[in-house]
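Q: This one is work_0.csv, CSV, C-alpha atoms.
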```
chain,number,residue,atom,x,y,z
R,1,MET,CA,15.3,11.9,-29.7
R,2,PRO,CA,17.8,10.6,-27.1
R,3,VAL,CA,18.9,7.0,-27.6
R,4,VAL,CA,19.4,4.7,-24.6
R,5,THR,CA,21.9,1.9,-25.0
R,6,VAL,CA,21.0,-0.9,-22.6
R,7,GLN,CA,23.7,-3.3,-21.3
R,8,PRO,CA,24.0,-6.3,-21.1
R,9,GLY,CA,22.8,-6.9,-24.7
R,10,GLY,CA,23.5,-3.5,-26.2
R,11,GLN,CA,20.0,-2.7,-27.5
R,12,GLN,CA,19.6,0.8,-28.7
R,13,VAL,CA,16.2,2.4,-28.1
R,14,PRO,CA,15.1,5.9,-28.9
R,15,ILE,CA,13.4,7.6,-26.0
R,16,GLY,CA,10.7,10.2,-26.6
R,17,ASP,CA,11.3,13.8,-25.4
R,18,GLY,CA,10.4,14.1,-21.8
R,19,GLU,CA,9.8,10.3,-21.5
R,20,THR,CA,11.5,8.3,-18.7
R,21,VAL,CA,13.9,5.5,-19.5
R,22,LEU,CA,11.3,2.9,-18.3
R,23,GLU,CA,8.4,4.4,-20.3
R,24,GLY,CA,10.6,4.5,-23.5
R,25,LEU,CA,11.8,0.9,-23.1
R,26,PHE,CA,8.3,-0.5,-22.5
R,27,ARG,CA,6.8,1.5,-25.3
R,28,ALA,CA,9.4,0.0,-27.6
R,29,GLY,CA,8.2,-3.5,-26.6
R,30,TYR,CA,10.8,-4.4,-24.1
R,31,ALA,CA,10.5,-5.5,-20.4
R,32,TYR,CA,12.8,-5.9,-17.5
R,33,THR,CA,12.4,-6.3,-13.7
R,34,VAL,CA,10.5,-3.3,-12.3
R,35,GLY,CA,8.5,-2.7,-9.2
R,36,CYS,CA,6.0,0.1,-8.6
R,37,ARG,CA,7.0,2.1,-11.8
R,38,ARG,CA,6.3,5.3,-9.8
R,39,GLY,CA,9.5,6.0,-7.9
R,40,GLY,CA,8.6,4.4,-4.6
R,41,CYS,CA,10.5,1.2,-4.4
R,42,GLY,CA,13.8,1.4,-6.2
R,43,ILE,CA,13.5,-2.1,-7.9
R,44,CYS,CA,14.2,-0.7,-11.4
R,45,LYS,CA,17.5,0.9,-10.5
R,46,ALA,CA,20.3,0.6,-13.1
R,47,ASP,CA,23.8,1.9,-13.5
R,48,LEU,CA,24.4,4.9,-15.7
R,49,ARG,CA,27.5,4.2,-17.7
R,50,ARG,CA,27.5,7.2,-20.1
R,51,GLY,CA,25.5,10.5,-20.3
R,52,SER,CA,23.3,12.1,-17.8
R,53,VAL,CA,19.6,12.0,-16.7
R,54,SER,CA,17.3,14.4,-15.0
R,55,TYR,CA,14.5,13.8,-12.5
R,56,ARG,CA,11.4,15.9,-13.3
R,57,LYS,CA,9.3,14.5,-10.6
R,58,THR,CA,10.4,14.5,-6.9
R,59,VAL,CA,12.2,11.3,-5.9
R,60,ALA,CA,12.2,10.4,-2.2
R,61,SER,CA,15.7,10.6,-0.8
R,62,THR,CA,15.1,7.2,0.9
R,63,VAL,CA,14.6,5.7,-2.5
R,64,LEU,CA,17.5,7.3,-4.3
R,65,THR,CA,20.1,8.6,-1.9
R,66,GLU,CA,22.5,11.4,-2.5
R,67,ALA,CA,25.3,8.9,-2.6
R,68,GLU,CA,23.5,6.8,-5.2
R,69,ARG,CA,22.9,9.9,-7.4
R,70,ALA,CA,26.7,10.6,-7.1
R,71,ASP,CA,27.8,7.1,-7.9
R,72,GLY,CA,25.7,6.9,-11.1
R,73,THR,CA,22.7,5.0,-9.9
R,74,CYS,CA,19.7,5.7,-12.3
R,75,LEU,CA,16.1,5.2,-11.1
R,76,THR,CA,14.8,4.2,-14.5
R,77,CYS,CA,11.1,4.9,-13.9
R,78,ARG,CA,11.8,8.5,-13.1
R,79,ALA,CA,15.0,9.3,-15.0
R,80,VAL,CA,14.6,11.4,-18.2
R,81,PRO,CA,17.7,11.2,-20.4
R,82,ASP,CA,19.4,14.6,-21.1
R,83,GLY,CA,20.8,13.1,-24.3
R,84,ASP,CA,22.2,9.8,-25.5
R,85,VAL,CA,22.8,7.6,-22.5
R,86,THR,CA,24.1,4.1,-21.7
R,87,ILE,CA,22.7,2.1,-18.8
R,88,ALA,CA,23.5,-1.3,-17.4
R,89,LEU,CA,20.6,-3.2,-16.0
R,90,ARG,CA,21.2,-5.0,-12.7
R,91,THR,CA,18.8,-7.9,-13.3
R,92,GLY,CA,20.0,-9.3,-16.6
R,93,PRO,CA,19.3,-8.2,-20.2
R,94,LEU,CA,16.2,-6.6,-21.6
R,95,ARG,CA,13.4,-9.1,-22.6
R,96,ARG,CA,11.1,-8.6,-25.6
R,97,SER,CA,7.5,-8.4,-24.3
R,98,ASN,CA,6.2,-7.4,-27.7
R,99,PRO,CA,8.4,-9.1,-30.4
R,100,PHE,CA,6.2,-7.8,-33.2
R,101,LEU,CA,7.0,-4.2,-32.2
R,102,ALA,CA,10.7,-5.0,-31.8
R,103,ILE,CA,10.7,-6.4,-35.4
R,104,THR,CA,8.9,-3.5,-37.1
R,105,SER,CA,11.0,-0.9,-35.4
R,106,SER,CA,14.4,-2.4,-36.2
X,1,MET,CA,-16.3,-8.0,20.9
X,2,PRO,CA,-12.8,-8.0,22.2
X,3,LEU,CA,-12.1,-6.4,25.6
X,4,SER,CA,-10.0,-3.6,24.2
X,5,GLY,CA,-12.9,-2.1,22.2
X,6,VAL,CA,-11.0,-1.6,18.9
X,7,MET,CA,-13.7,-1.3,16.2
X,8,ARG,CA,-11.7,-0.8,13.1
X,9,LEU,CA,-8.8,0.7,11.2
X,10,GLY,CA,-9.9,4.3,11.2
X,11,TYR,CA,-7.2,6.1,9.3
X,12,VAL,CA,-4.1,5.6,7.2
X,13,HIS,CA,-1.6,8.5,7.2
X,14,ALA,CA,0.9,8.1,4.3
X,15,ARG,CA,3.7,10.0,2.7
X,16,VAL,CA,3.6,11.0,-1.0
X,17,THR,CA,6.3,12.6,-3.1
X,18,ASP,CA,3.9,15.0,-5.0
X,19,LEU,CA,0.6,16.1,-3.5
X,20,THR,CA,-0.8,17.2,-6.9
X,21,ASP,CA,-0.3,13.8,-8.4
X,22,ALA,CA,-1.6,12.1,-5.2
X,23,LYS,CA,-4.8,14.2,-5.3
X,24,SER,CA,-5.4,13.2,-8.9
X,25,HIS,CA,-5.1,9.5,-7.9
X,26,TYR,CA,-7.0,9.5,-4.5
X,27,GLY,CA,-9.5,12.1,-5.6
X,28,ASN,CA,-10.2,11.5,-9.3
X,29,THR,CA,-9.4,7.9,-9.7
X,30,MET,CA,-10.3,6.4,-6.3
X,31,GLY,CA,-13.1,8.8,-5.8
X,32,LEU,CA,-12.4,9.7,-2.2
X,33,TYR,CA,-14.0,12.9,-0.9
X,34,PRO,CA,-11.5,15.7,0.0
X,35,VAL,CA,-12.5,17.0,3.4
X,36,HIS,CA,-9.7,19.2,4.4
X,37,GLU,CA,-6.5,20.6,3.0
X,38,GLU,CA,-3.6,22.5,4.5
X,39,THR,CA,0.0,23.2,3.4
X,40,GLY,CA,1.5,19.9,2.4
X,41,LYS,CA,-1.4,17.7,3.6
X,42,VAL,CA,-4.7,16.6,2.3
X,43,TYR,CA,-7.5,14.6,4.1
X,44,TYR,CA,-10.0,12.3,2.5
X,45,LYS,CA,-12.9,10.1,3.4
X,46,GLY,CA,-14.8,7.4,1.5
X,47,TRP,CA,-18.5,8.1,0.7
X,48,ASP,CA,-19.8,5.6,3.2
X,49,GLU,CA,-17.7,6.7,6.1
X,50,HIS,CA,-19.3,8.9,8.8
X,51,ASP,CA,-16.1,10.2,10.4
X,52,HIS,CA,-14.2,13.2,9.2
X,53,HIS,CA,-11.4,11.4,7.4
X,54,SER,CA,-9.8,8.0,6.8
X,55,VAL,CA,-6.8,8.9,4.6
X,56,VAL,CA,-4.2,11.6,5.3
X,57,LEU,CA,-1.6,12.3,2.7
X,58,GLU,CA,1.5,14.2,3.5
X,59,GLU,CA,4.0,15.6,1.0
X,60,GLY,CA,7.6,14.4,1.4
X,61,GLY,CA,8.9,10.9,1.0
X,62,VAL,CA,7.0,7.7,0.6
X,63,GLY,CA,5.6,5.1,3.0
X,64,LEU,CA,3.6,5.1,6.2
X,65,VAL,CA,3.5,7.8,8.8
X,66,LYS,CA,1.0,6.0,11.1
X,67,LEU,CA,-2.2,4.0,11.3
X,68,GLY,CA,-5.2,5.0,13.5
X,69,PHE,CA,-7.5,2.5,15.2
X,70,LYS,CA,-10.8,3.6,16.6
X,71,VAL,CA,-12.1,2.3,19.9
X,72,ALA,CA,-15.7,2.4,21.0
X,73,ASP,CA,-15.3,4.1,24.4
X,74,PRO,CA,-12.9,6.6,26.0
X,75,GLY,CA,-12.3,4.1,28.8
X,76,ASP,CA,-10.7,1.7,26.3
X,77,ILE,CA,-7.7,4.0,26.0
X,78,GLU,CA,-6.7,3.3,29.6
X,79,THR,CA,-7.1,-0.4,29.1
X,80,ILE,CA,-4.9,-0.4,26.0
X,81,GLU,CA,-2.3,1.9,27.7
X,82,ALA,CA,-2.0,-0.6,30.6
X,83,ALA,CA,-1.7,-3.5,28.1
X,84,ALA,CA,0.9,-1.7,26.1
X,85,ARG,CA,2.9,-1.1,29.2
X,86,ALA,CA,2.6,-4.7,30.2
X,87,PHE,CA,3.8,-5.7,26.8
X,88,GLY,CA,6.8,-3.4,27.0
X,89,CYS,CA,5.9,-1.0,24.2
X,90,MET,CA,6.7,2.7,24.1
X,91,SER,CA,3.5,4.7,24.3
X,92,GLU,CA,2.4,8.2,25.0
X,93,ARG,CA,-0.9,10.0,25.5
X,94,MET,CA,-1.9,12.3,22.6
X,95,SER,CA,-4.1,15.3,23.1
X,96,VAL,CA,-7.2,16.4,21.3
X,97,GLY,CA,-6.2,18.4,18.2
X,98,GLU,CA,-2.8,16.8,17.6
X,99,ASN,CA,-4.6,15.2,14.7
X,100,ILE,CA,-7.3,17.6,13.3
X,101,GLU,CA,-10.8,16.5,14.2
X,102,VAL,CA,-9.5,13.6,16.2
X,103,SER,CA,-10.0,13.0,20.0
X,104,ASP,CA,-7.3,12.5,22.6
X,105,GLY,CA,-5.9,9.0,22.7
X,106,LEU,CA,-2.8,6.9,22.8
X,107,ARG,CA,0.2,6.7,20.5
X,108,ILE,CA,2.1,3.4,20.5
X,109,VAL,CA,5.3,2.4,18.8
X,110,THR,CA,4.9,-1.3,17.9
X,111,PRO,CA,7.7,-3.9,18.1
X,112,SER,CA,8.0,-3.4,14.3
X,113,GLU,CA,8.6,0.4,14.8
X,114,HIS,CA,5.3,1.4,13.2
X,115,VAL,CA,3.4,4.2,14.9
X,116,ILE,CA,-0.2,3.5,15.7
X,117,GLU,CA,-2.7,5.8,17.3
X,118,ILE,CA,-5.7,4.7,19.3
X,119,TYR,CA,-8.6,7.2,19.5
X,120,HIS,CA,-12.2,7.2,20.6
X,121,GLY,CA,-13.7,10.0,18.7
X,122,MET,CA,-13.6,11.9,15.4
X,123,THR,CA,-15.8,14.7,14.2
X,124,GLY,CA,-18.7,13.2,12.4
X,125,VAL,CA,-19.4,14.7,9.1
X,126,GLY,CA,-21.8,12.0,7.9
X,127,THR,CA,-21.9,9.6,5.0
X,128,GLU,CA,-22.7,10.9,1.5
X,129,VAL,CA,-26.1,9.3,1.7
X,130,GLY,CA,-26.9,10.3,5.3
X,131,THR,CA,-29.0,8.4,7.8
X,132,HIS,CA,-32.5,9.6,6.9
X,133,ASN,CA,-34.2,7.4,4.4
X,134,PRO,CA,-30.8,7.0,2.6
X,135,ASP,CA,-30.2,6.1,-1.0
X,136,VAL,CA,-28.0,3.1,-1.5
X,137,PHE,CA,-25.1,5.0,-3.0
X,138,PRO,CA,-24.5,8.6,-3.9
X,139,ARG,CA,-25.4,9.4,-7.5
X,140,HIS,CA,-22.4,11.4,-8.5
X,141,LEU,CA,-19.5,9.2,-7.4
X,142,VAL,CA,-16.2,10.0,-9.1
X,143,GLY,CA,-14.0,7.2,-10.5
X,144,VAL,CA,-13.9,4.0,-8.5
X,145,GLY,CA,-15.9,5.6,-5.8
X,146,VAL,CA,-14.6,3.6,-2.9
X,147,PRO,CA,-16.9,3.5,0.1
X,148,ARG,CA,-14.3,3.0,2.8
X,149,ILE,CA,-10.9,2.1,3.9
X,150,ASP,CA,-10.6,-1.6,4.7
X,151,HIS,CA,-7.2,-2.8,6.1
X,152,ALA,CA,-3.5,-2.3,5.9
X,153,LEU,CA,-0.6,-4.8,5.5
X,154,ILE,CA,2.7,-3.9,7.1
X,155,THR,CA,6.1,-5.7,7.3
X,156,ALA,CA,7.9,-6.7,10.5
X,157,ALA,CA,11.1,-8.5,11.3
X,158,ASP,CA,9.3,-10.6,13.9
X,159,VAL,CA,5.8,-11.4,12.8
X,160,LYS,CA,5.1,-13.7,15.7
X,161,GLU,CA,5.8,-10.8,18.1
X,162,MET,CA,3.4,-8.6,16.1
X,163,ASP,CA,0.7,-11.2,16.3
X,164,ARG,CA,1.1,-11.3,20.0
X,165,PHE,CA,1.1,-7.5,20.2
X,166,PHE,CA,-2.1,-7.1,18.3
X,167,ALA,CA,-3.7,-9.9,20.4
X,168,GLU,CA,-2.5,-8.9,23.8
X,169,VAL,CA,-2.5,-5.1,23.5
X,170,LEU,CA,-5.4,-4.4,21.1
X,171,GLY,CA,-7.6,-7.5,21.5
X,172,PHE,CA,-7.3,-8.7,17.8
X,173,TYR,CA,-7.5,-12.3,16.8
X,174,ALA,CA,-5.8,-14.1,13.9
X,175,THR,CA,-8.1,-15.3,11.1
X,176,GLU,CA,-5.2,-16.8,9.0
X,177,ARG,CA,-1.5,-17.3,9.3
X,178,VAL,CA,1.4,-18.4,7.2
X,179,VAL,CA,3.6,-20.7,9.3
X,180,THR,CA,7.0,-22.3,9.0
X,181,SER,CA,5.5,-25.6,10.1
X,182,LEU,CA,2.4,-27.0,11.7
X,183,ASP,CA,4.3,-27.6,14.9
X,184,GLU,CA,3.3,-25.6,18.0
X,185,ASP,CA,6.6,-23.7,18.1
X,186,ALA,CA,6.5,-22.6,14.4
X,187,GLU,CA,7.5,-19.2,13.3
X,188,TYR,CA,5.0,-16.9,11.5
X,189,ILE,CA,5.7,-15.6,8.1
X,190,GLY,CA,2.5,-13.7,8.0
X,191,THR,CA,-0.6,-13.1,10.1
X,192,TRP,CA,-4.0,-11.7,9.2
X,193,MET,CA,-5.9,-10.2,12.2
X,194,THR,CA,-9.2,-8.6,13.0
X,195,ALA,CA,-10.8,-6.7,15.8
X,196,GLY,CA,-14.3,-7.4,14.7
X,197,ASN,CA,-16.0,-9.5,12.0
X,198,THR,CA,-14.3,-8.4,8.9
X,199,VAL,CA,-11.7,-10.9,7.8
X,200,HIS,CA,-8.8,-8.5,8.6
X,201,ASP,CA,-8.2,-5.0,9.8
X,202,ILE,CA,-4.4,-5.5,9.8
X,203,ALA,CA,-2.0,-8.0,8.3
X,204,VAL,CA,1.7,-8.4,9.0
X,205,ILE,CA,4.2,-10.2,6.8
X,206,SER,CA,7.9,-10.9,7.3
X,207,GLY,CA,10.1,-8.1,6.1
X,208,PRO,CA,11.9,-5.0,7.3
X,209,ASN,CA,10.5,-3.1,10.3
X,210,GLY,CA,8.6,0.1,9.7
X,211,LYS,CA,7.5,-0.5,6.1
X,212,LEU,CA,4.2,-0.4,4.3
X,213,HIS,CA,3.2,-3.2,2.0
X,214,HIS,CA,-0.2,-1.8,1.1
X,215,PHE,CA,-3.4,-0.3,2.3
X,216,ALA,CA,-6.8,-1.3,0.9
X,217,PHE,CA,-10.2,0.1,0.1
X,218,GLU,CA,-13.3,-1.9,0.3
X,219,LEU,CA,-15.4,-2.8,-2.7
X,220,LEU,CA,-18.6,-4.8,-2.9
X,221,ASP,CA,-17.9,-7.7,-5.3
X,222,TRP,CA,-16.0,-9.0,-8.3
X,223,SER,CA,-17.8,-6.8,-10.8
X,224,GLU,CA,-16.8,-3.7,-8.9
X,225,ILE,CA,-13.2,-5.0,-8.8
X,226,LYS,CA,-13.3,-5.4,-12.6
X,227,ARG,CA,-14.7,-1.9,-13.0
X,228,ALA,CA,-11.9,-0.5,-10.8
X,229,GLY,CA,-9.4,-2.2,-13.1
X,230,GLN,CA,-11.0,-0.6,-16.2
X,231,LEU,CA,-10.7,2.8,-14.6
X,232,PHE,CA,-7.1,2.1,-13.7
X,233,SER,CA,-6.4,1.5,-17.4
X,234,MET,CA,-8.1,4.7,-18.4
X,235,ASP,CA,-6.1,6.6,-15.8
X,236,ASP,CA,-2.8,4.8,-16.4
X,237,VAL,CA,-2.5,3.5,-12.9
X,238,SER,CA,0.5,1.2,-12.4
X,239,ILE,CA,-0.8,-2.3,-11.7
X,240,ASP,CA,0.9,-4.8,-9.5
X,241,ILE,CA,-1.4,-7.8,-10.1
X,242,GLY,CA,-5.0,-8.6,-10.7
X,243,PRO,CA,-7.9,-8.8,-10.8
X,244,THR,CA,-7.4,-12.1,-9.0
X,245,GLN,CA,-8.5,-13.8,-5.7
X,246,HIS,CA,-6.6,-14.4,-2.5
X,247,GLY,CA,-6.6,-17.9,-1.0
X,248,ILE,CA,-6.0,-16.2,2.3
X,249,THR,CA,-9.2,-14.3,3.3
X,250,ARG,CA,-10.8,-15.4,0.0
X,251,GLY,CA,-10.9,-11.7,-0.9
X,252,GLU,CA,-11.0,-10.5,-4.5
X,253,THR,CA,-8.4,-8.0,-5.4
X,254,ILE,CA,-6.3,-5.7,-7.5
X,255,TYR,CA,-3.0,-4.5,-6.2
X,256,PHE,CA,-1.8,-1.2,-7.7
X,257,PHE,CA,0.4,1.7,-7.0
X,258,ASP,CA,-0.3,5.3,-6.2
X,259,PRO,CA,1.7,8.0,-8.1
X,260,SER,CA,4.4,7.8,-5.4
X,261,GLY,CA,4.8,4.1,-5.5
X,262,ASN,CA,2.8,3.2,-2.4
X,263,ARG,CA,0.9,0.0,-3.0
X,264,ASN,CA,-2.9,0.2,-2.8
X,265,GLU,CA,-5.5,-2.5,-3.0
X,266,VAL,CA,-9.2,-2.7,-3.9
X,267,PHE,CA,-10.5,-5.6,-1.9
X,268,ALA,CA,-13.9,-7.3,-2.0
X,269,GLY,CA,-15.5,-10.2,-0.3
X,270,GLY,CA,-13.7,-12.2,2.3
X,271,TYR,CA,-15.7,-14.3,4.8
X,272,THR,CA,-17.2,-13.2,8.1
X,273,ALA,CA,-14.8,-13.7,11.0
X,274,TYR,CA,-15.6,-14.8,14.5
X,275,PRO,CA,-13.2,-15.3,17.4
X,276,ASP,CA,-14.3,-18.9,17.8
X,277,ARG,CA,-13.6,-19.8,14.2
X,278,PRO,CA,-10.3,-21.7,14.1
X,279,THR,CA,-7.3,-19.9,12.6
X,280,VAL,CA,-6.5,-21.0,9.1
X,281,ASN,CA,-2.8,-22.1,8.7
X,282,TRP,CA,-0.9,-21.9,5.4
X,283,THR,CA,2.5,-23.5,4.9
X,284,VAL,CA,5.2,-21.5,3.2
X,285,ASP,CA,5.4,-23.9,0.3
X,286,GLN,CA,1.7,-23.0,-0.5
X,287,LEU,CA,2.3,-19.2,-0.1
X,288,GLY,CA,1.8,-18.6,-3.8
X,289,LYS,CA,-1.7,-20.1,-3.7
X,290,GLY,CA,-2.5,-18.4,-0.4
X,291,ILE,CA,-1.7,-14.9,-1.8
X,292,PHE,CA,-2.8,-15.4,-5.4
X,293,TYR,CA,-5.2,-18.3,-5.5
X,294,ILE,CA,-5.6,-18.4,-9.2
X,295,GLN,CA,-2.0,-17.8,-10.4
X,296,ARG,CA,-0.6,-19.9,-7.5
X,297,GLU,CA,2.7,-18.2,-7.6
X,298,LEU,CA,4.0,-15.0,-6.1
X,299,ASN,CA,5.2,-12.3,-8.3
X,300,GLU,CA,8.6,-10.9,-7.4
X,301,ARG,CA,7.0,-7.6,-6.5
X,302,PHE,CA,4.9,-9.1,-3.7
X,303,THR,CA,7.9,-9.6,-1.4
X,304,THR,CA,10.2,-6.8,-2.7
X,305,VAL,CA,8.2,-3.7,-3.4
X,306,LEU,CA,7.6,-1.8,-0.1
X,307,THR,CA,7.5,1.8,0.8
```
Can you present the structure in this file as structure tokens?
A:
Amino acid sequence: MPVVTVQPGGQQVPIGDGETVLEGLFRAGYAYTVGCRRGGCGICKADLRRGSVSYRKTVASTVLTEAERADGTCLTCRAVPDGDVTIALRTGPLRRSNPFLAITSS
Amino acid sequence: MPLSGVMRLGYVHARVTDLTDAKSHYGNTMGLYPVHEETGKVYYKGWDEHDHHSVVLEEGGVGLVKLGFKVADPGDIETIEAAARAFGCMSERMSVGENIEVSDGLRIVTPSEHVIEIYHGMTGVGTEVGTHNPDVFPRHLVGVGVPRIDHALITAADVKEMDRFFAEVLGFYATERVVTSLDEDAEYIGTWMTAGNTVHDIAVISGPNGKLHHFAFELLDWSEIKRAGQLFSMDDVSIDIGPTQHGITRGETIYFFDPSGNRNEVFAGGYTAYPDRPTVNWTVDQLGKGIFYIQRELNERFTTVLT
């Protein structure tokens, strides 16, 4: 299972095989600022600091441009980690939406 | 009825990133009826719509390709063409067959850079209950089983100009507006406009030109809205907000996203509009209550998520 490290805050969250970064973080009881969750709006973009991600579903070039792909922008609702990755959220640290889950998994 | 003869929003033509995922959503979850498919495109209608299609999905990108508005009479095309010219909009005639099963008409680029098409005819395929001693709904509806398309909300840099465009070129009137002040010369942050008696056929809010905020399907009432929400949970549809009620229009609603991130709405209720009913004005400080009457605050997504 790939592990995503999320800055700022440094939480380490295992992501299921084939799961997107967004799906994995929400499943683990975390939340952050997202939009459509379906690759259409770009609100959930983060910066990829380490590792690489793949896009298994088509992402519109108007949402994630070639330049953004090259500069390490990661569309978290569509990005599937290739291995361990580190991302930096652009809207502040992860929030716990399900604190009970966060306690039992740590 | 307005002089221009526009009857309703007839079709929404949108872009989707993946046609297979889109078909699962619009066909299986929303319960639209597929009426035609060709490479990279699929056409749908709701069960209570008589015309050939009301939704066209095209693979490649996200957002809006164009909106179609149906007029009652072929002569209306000429009236609207003259009005568009007087307004200073770019327009061109379109021929029969440019859109499958759609008549000749007029294509206009709005001041907000959206493309709208005015047409007077579309091949009639009939509602799913017919016109001969009809049942009140078709027995084997799929999913939400939406009867028809209702309205669209688009964004524009100059909402006041768009309000004037829909009024002067297409004969719409505003049922509600969000205004910067109650003074005569106030700017508009949003406008909700209709061509007939539904509370809105089109709405425009302040934002970038050319973008789609959402398009909506009609449902009957609050209990149907709830049932739609239950189906969205079963099908893991991404929810924006709801069920809730709008202050503006009084409509009951869920906002949600299709698999490409285009926002959809199921919309029920809303009062009957008449041209002599005074336009309702909302001030910007009450926008939260206007949009989401129960929560009374906007979610971040309302103003930021566009396709």
Q: Please, which residues in chain R fall within 6 Å of chain X when counting all atoms listed in the file, and what is the closest atom pair and distance in Å to one decimal for each, ordered by chain then residue number, as a Markdown table?
A:
```
| residue | atom | partner | partner_atom | distance |
| --- | --- | --- | --- | --- |
| R:Gly35 | CA | X:Arg301 | CA | 5.8 |
| R:Cys36 | CA | X:Gly261 | CA | 5.2 |
| R:Arg38 | CA | X:Gly261 | CA | 4.7 |
| R:Gly39 | CA | X:Gly261 | CA | 5.6 |
| R:Gly40 | CA | X:Gly261 | CA | 3.9 |
| R:Cys41 | CA | X:Val305 | CA | 5.5 |
| R:Thr58 | CA | X:Thr17 | CA | 5.9 |
| R:Ala60 | CA | X:Gly61 | CA | 4.6 |
```
Q: Around the point (-12.9, -20.2, 12.1), in the coordinates given by the file, pick out the residues reaching within 12 Å, counting all atoms listed in the file, and return them as a PyMOL selection string.
A: chain X and resi 173-176+197+199+249+271-281
Q: Have a look at X:Pro134, X:Gly97, X:Gly46, X:Gly251 and name the one nearest to Arg148 in chain X; count only C-alpha atoms.
A: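 With only C-alpha atoms as the atom set, the closest residue is X:Gly46.
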Q: Using all atoms listed in the file, find all polymer residues with an atom at most 6 Å away from the point (22.4, -0.3, -16.7); report them as a PDB file with C-alpha atoms, in the coordinates of the input.
A:
```pdb
ATOM      1  CA  GLN R   7      23.700  -3.300 -21.300  1.00  0.00           C
ATOM      2  CA  ALA R  46      20.300   0.600 -13.100  1.00  0.00           C
ATOM      3  CA  ASP R  47      23.800   1.900 -13.500  1.00  0.00           C
ATOM      4  CA  LEU R  48      24.400   4.900 -15.700  1.00  0.00           C
ATOM      5  CA  ILE R  87      22.700   2.100 -18.800  1.00  0.00           C
ATOM      6  CA  ALA R  88      23.500  -1.300 -17.400  1.00  0.00           C
ATOM      7  CA  LEU R  89      20.600  -3.200 -16.000  1.00  0.00           C
TER       8      LEU R  89
END
```
Q: What's the 12 Å shell around range 34-37 of chain X, counting only C-alpha atoms, without same-chain residues fewer than 6 positions away, as a PyMOL selection string?
A: chain X and resi 19-20+22-28+43-47+49-59+100-101+123-126+142
Q: What lies within 8 Å of Val284 in chain X using all atoms listed in the file, ignoring chain neighbours under 6 positions off, as a PDB file with C-alpha atoms, in the coordinates of the input?
A:
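Dumped everything to out13.pdb:
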```
ATOM      1  CA  VAL X 178       1.400 -18.400   7.200  1.00  0.00           C
ATOM      2  CA  VAL X 179       3.600 -20.700   9.300  1.00  0.00           C
ATOM      3  CA  THR X 180       7.000 -22.300   9.000  1.00  0.00           C
ATOM      4  CA  ILE X 189       5.700 -15.600   8.100  1.00  0.00           C
TER       5      ILE X 189
END
```
Q: Mind giving me the straight-line distance from CA of Phe217 in chain X to CA of Thr303 in chain X in Å, one decimal?
A: 20.6 Å
Q: Quick test: take range 169-180 of chain X, keep N, CA and C atoms, and write it as a compact mmCIF listing (two decimals), in the first residue's frame.
A:
```txt
# COMPACT_ATOMS: atom_id res chain seq x y z
N VAL X 169 -33.44 40.51 -26.32
CA VAL X 169 -33.28 39.65 -27.50
C VAL X 169 -34.26 38.48 -27.45
N LEU X 170 -34.45 37.90 -26.27
CA LEU X 170 -35.25 36.68 -26.19
C LEU X 170 -36.58 36.86 -25.47
N GLY X 171 -36.87 38.05 -24.99
CA GLY X 171 -38.17 38.30 -24.39
C GLY X 171 -38.37 37.70 -23.02
N PHE X 172 -37.26 37.38 -22.32
CA PHE X 172 -37.37 36.85 -20.96
C PHE X 172 -37.67 38.00 -19.99
N TYR X 173 -38.15 37.67 -18.81
CA TYR X 173 -38.26 38.66 -17.74
C TYR X 173 -37.67 38.07 -16.46
N ALA X 174 -37.17 38.96 -15.60
CA ALA X 174 -36.49 38.52 -14.38
C ALA X 174 -37.51 38.27 -13.27
N THR X 175 -37.44 37.09 -12.66
CA THR X 175 -38.28 36.83 -11.49
C THR X 175 -37.56 37.28 -10.22
N GLU X 176 -36.24 37.07 -10.18
CA GLU X 176 -35.49 37.47 -8.98
C GLU X 176 -34.09 37.94 -9.41
N ARG X 177 -33.53 38.82 -8.58
CA ARG X 177 -32.17 39.30 -8.83
C ARG X 177 -31.43 39.42 -7.51
N VAL X 178 -30.12 39.30 -7.57
CA VAL X 178 -29.27 39.69 -6.45
C VAL X 178 -28.59 40.98 -6.88
N VAL X 179 -28.75 42.02 -6.07
CA VAL X 179 -28.31 43.36 -6.47
C VAL X 179 -27.32 43.93 -5.45
N THR X 180 -26.45 44.81 -5.95
CA THR X 180 -25.43 45.40 -5.06
C THR X 180 -26.04 46.44 -4.13
```
